[in-house]
Amino acid sequence: MNAGNAVLLILLAVSALAAAREPQQDPRLRNALRRPSQNGWIQVHLEGTPAEIGFQNGYLLAPEILDIHKVTMLELTHDNHRSWDFFRKSAKNVLWPRIETEYREELQGIVDGANAHGVKIDLWDVVAINAALEWSYYVKQYNDLHHIKPNKAAAPGDHCSAFVATGSYTADGKPVIAHNNWTSYLDGQRWTIAYDIAPQHGNRFVMDGLPGVIHSADDFGINAAGMMITETTITAFAGWDSSGIPEFVRARKAMQYANSIDDFARIMKEGNNGGYANNWLVADRKTGEIASLELGLKNVTLERKMDGYFAGANFPVNPKLIREETEFSSTDMGNSANARQTRWTTLLETNKGHIDTAKAQQFLGDHYDTFEKRDAPSERTLCGHVDLSSRGLGEWQPPYGAAGAVQNKVADSSMAERMTYFARAGHACGLDFKAAEHLKQHPDFKWEKSLLRDMPSLPWTEVAPPLGR
């Protein structure tokens with residue numbers, strides 16, 4: 001044997017030994033993909049059975065799941081004055097019995113995938129994270145039932161600005177949909193997962209979301225049946241039915257299985273628990289029809305249009321719902337929801353016949369305050385900047401926390417047909433958030449210091465399905 005062959009044999013032996021030591025890829029990951037971050041967005045493709053999709057989510061996003069676990073624990077325990085164990089037990093005893101098998105398997109799959117990647121998290125942690133936006137409704141009811149005074153549950157407040165338009169209002173006569181997510185910058189900085197999910201049953205769909213969730217959570221998505229879906233929260237709402245189906249389960253099921261506006265409304269209403277009560281804005285790109293589903297617990301209203309628009313800025317619409325299920329004031333025009341409703345009406349009417357994705361992107365970055373009648377970013381502008389507010393109402397009370405619009409999404413009918421959308425991480429207006437500066441000005445929020453980070457405004461980018469399927 002010559003020297004060259006001997007070296008080759010040695011190299012092959014070393015390579016084989018290294019391969020033997022390296023863990024083989026789990027077969028559950030064979031159809032999954034994670035792309036490198038693009039302008040702040042992590043794009044993942046998940047495909048297969050519920051357990052496989054869950055495993056892929058947990059494995060591919062394990063570091064981010066560990067991070068959001070810490071954030072969710074910190075926020076929920078601080079804001080609701082309850083231990084993390086309280087939410088874990090409630091996830092097990094209150095929510096789990098009302099979650100159907102398909103989504104139980106997916107939630108368990110997330111745990112299995114994260115564990116396989118070295119992240120120690122269990123099922124009740126994952127269920128509690130998925131229900132993060134519902135817990136304040138539950139805690140308020142729990143405190144009332146147990147006569148706990150004062151009731152320190154976090155108040156459901158102003159979350160998101162959105163619209164959907166069609167017919168004579170849009171440039172091509174077809175639906176356009178847009179949404180920006182309002183939340184604390186603490187969790188909002190992490191709301192940059194772009195999911196492309198091809199489930200074993202139902203429709204393939206794309207959505208934005210947090211790591212380790214089975215639903216969007218801020219609820220922007222498009223499915224292969226032509227449904228374009230988003231929502232904004234109903235401000236000052238109170239209500240919860242412990243016998244109902246968790247909102248996060250119904251929202252995911254509607255995204256996956258709705259083939260029409262009727263399907264969507266039926267799925268969202270069935271087992272309605274009142275958790276995370278929203279005004280849902282929906283379009284069917286196949287027909288051009290749009291709808292508004294205002295989903296309270298006692299009062300549910302579905303409106304539909306072939307020509308026109310629906311806007312959302314956390315203002316309740318149905319007078320009966322306002323009276324029976326909220327503490328909302330429709331007359332205070334300095335209120336964030338009322339001020340933004342006025343601005344939406346002006347923008348959508350003024351731009352009638354010209355609304356497209358470019359206009360929608362401009363709208364989401366708008367800083368006009370209809371109360372002060374000037375450009376001044378605050379909780380009253382469509383691009384929300386609670387941290388820059390001069391007056392706090394509802395959920396947003398002084399001292400002002402780091403909160404407001406954290407990311408943005410826009411799509412028209414042709415994009416929906418291709419299962420793509422435009423997304424922008426951070427403020428659509430271009431303003432950056434600096435964590436150190438904010439904490440220096442607002443030392444009352446030092447409890448966020450360990451996890452709060454800068455939130456730059458990154459460019460708009462087209463989020464395309466990772467596998468181009």
# chains A, B, ... in the order shown; residues from 1 in each chain; ligands from 1
>>> closest_atom_pairs(of="region 127-233 of chain A", to="region 413-430 of chain A", cutoff="8 Å", atoms="only C-alpha atoms", output="tab-separated table")
residue	atom	partner	partner_atom	distance
A:Lys174	CA	A:Ser413	CA	6.1
A:Pro175	CA	A:Ser413	CA	5.5
A:Val176	CA	A:Ser413	CA	6.4
A:Gln189	CA	A:Gly426	CA	7.5
A:Thr192	CA	A:Ala425	CA	6.9
A:Phe205	CA	A:Met419	CA	7.5
A:Val206	CA	A:Met419	CA	6.6
A:Ile222	CA	A:Ala416	CA	6.3
A:Asn223	CA	A:Met419	CA	7.2
A:Ala224	CA	A:Met419	CA	7.2
A:Gly226	CA	A:Glu417	CA	6.7
A:Met228	CA	A:Ala416	CA	7.1
>>> write_last_selection(atoms="C-alpha atoms", output="compact mmCIF listing (two decimals), in the first residue's frame")
# COMPACT_ATOMS: atom_id res chain seq x y z
CA LYS A 174 -59.49 43.19 -4.75
CA PRO A 175 -58.81 42.79 -1.01
CA VAL A 176 -55.90 44.46 0.75
CA GLN A 189 -39.10 42.14 19.97
CA THR A 192 -40.65 37.82 14.38
CA PHE A 205 -51.08 28.53 5.79
CA VAL A 206 -48.53 31.24 6.47
CA ILE A 222 -53.18 33.64 4.92
CA ASN A 223 -54.29 30.15 4.01
CA ALA A 224 -54.33 28.19 0.75
CA GLY A 226 -57.85 32.16 0.02
CA MET A 228 -56.78 36.54 4.66
>>> residues_around(residues="Gly384 (chain A)", least_positions_apart="4", cutoff="6 Å", atoms="only C-alpha atoms", output="JSON, numbers by chain")
{"A": [378, 379, 404, 405]}
>>> residues_around(residues="region 114-128 of chain A", least_positions_apart="5", cutoff="7 Å", atoms="only C-alpha atoms", output="PDB file with C-alpha atoms, in the first residue's frame")
ATOM      1  CA  GLY A  58     -39.713  22.981  19.080  1.00  0.00           C
ATOM      2  CA  TYR A  59     -36.455  21.785  17.568  1.00  0.00           C
ATOM      3  CA  ALA A  62     -35.426  25.855  20.617  1.00  0.00           C
ATOM      4  CA  LEU A  66     -36.144  29.220  25.844  1.00  0.00           C
ATOM      5  CA  PHE A  87     -50.426  29.610  35.169  1.00  0.00           C
ATOM      6  CA  ARG A  88     -48.946  26.133  34.743  1.00  0.00           C
ATOM      7  CA  ALA A  91     -52.964  25.394  31.796  1.00  0.00           C
ATOM      8  CA  LYS A  92     -53.253  21.788  32.978  1.00  0.00           C
ATOM      9  CA  LEU A 107     -48.195  21.060  21.729  1.00  0.00           C
ATOM     10  CA  GLN A 108     -46.537  17.904  23.045  1.00  0.00           C
TER      11      GLN A 108
END
>>> atom_distance(atom1="CA of Pro319 (chain A)", atom2="CA of Arg343 (chain A)")
20.7 Å
>>> closest_residue(among="A:Gly271, A:Gly401, A:Gly296, A:Gly113", to="Val317 (chain A)", atoms="only C-alpha atoms")
A:Gly296
>>> closest_residue(among="A:Asn143, A:Glu448, A:Leu458, A:Ile99", to="Thr72 (chain A)", atoms="only C-alpha atoms")
A:Glu448
>>> decode(residues="region 220-234 of chain A", atoms="C-alpha atoms", output="short mmCIF file (atom, residue, chain, number, x, y, z; two decimals), in the first residue's frame")
data_model
loop_
_atom_site.label_atom_id
_atom_site.label_comp_id
_atom_site.auth_asym_id
_atom_site.auth_seq_id
_atom_site.Cartn_x
_atom_site.Cartn_y
_atom_site.Cartn_z
CA PHE A 220 -52.12 37.72 10.88
CA GLY A 221 -52.23 34.89 8.37
CA ILE A 222 -53.18 33.64 4.92
CA ASN A 223 -54.29 30.15 4.01
CA ALA A 224 -54.33 28.19 0.75
CA ALA A 225 -58.13 28.40 0.54
CA GLY A 226 -57.85 32.16 0.02
CA MET A 227 -58.62 33.38 3.53
CA MET A 228 -56.78 36.54 4.66
CA ILE A 229 -57.12 36.99 8.42
CA THR A 230 -56.22 39.52 11.10
CA GLU A 231 -57.76 41.25 14.17
CA THR A 232 -57.49 43.92 16.84
CA THR A 233 -58.34 43.55 20.51
CA ILE A 234 -61.56 44.88 22.06
#
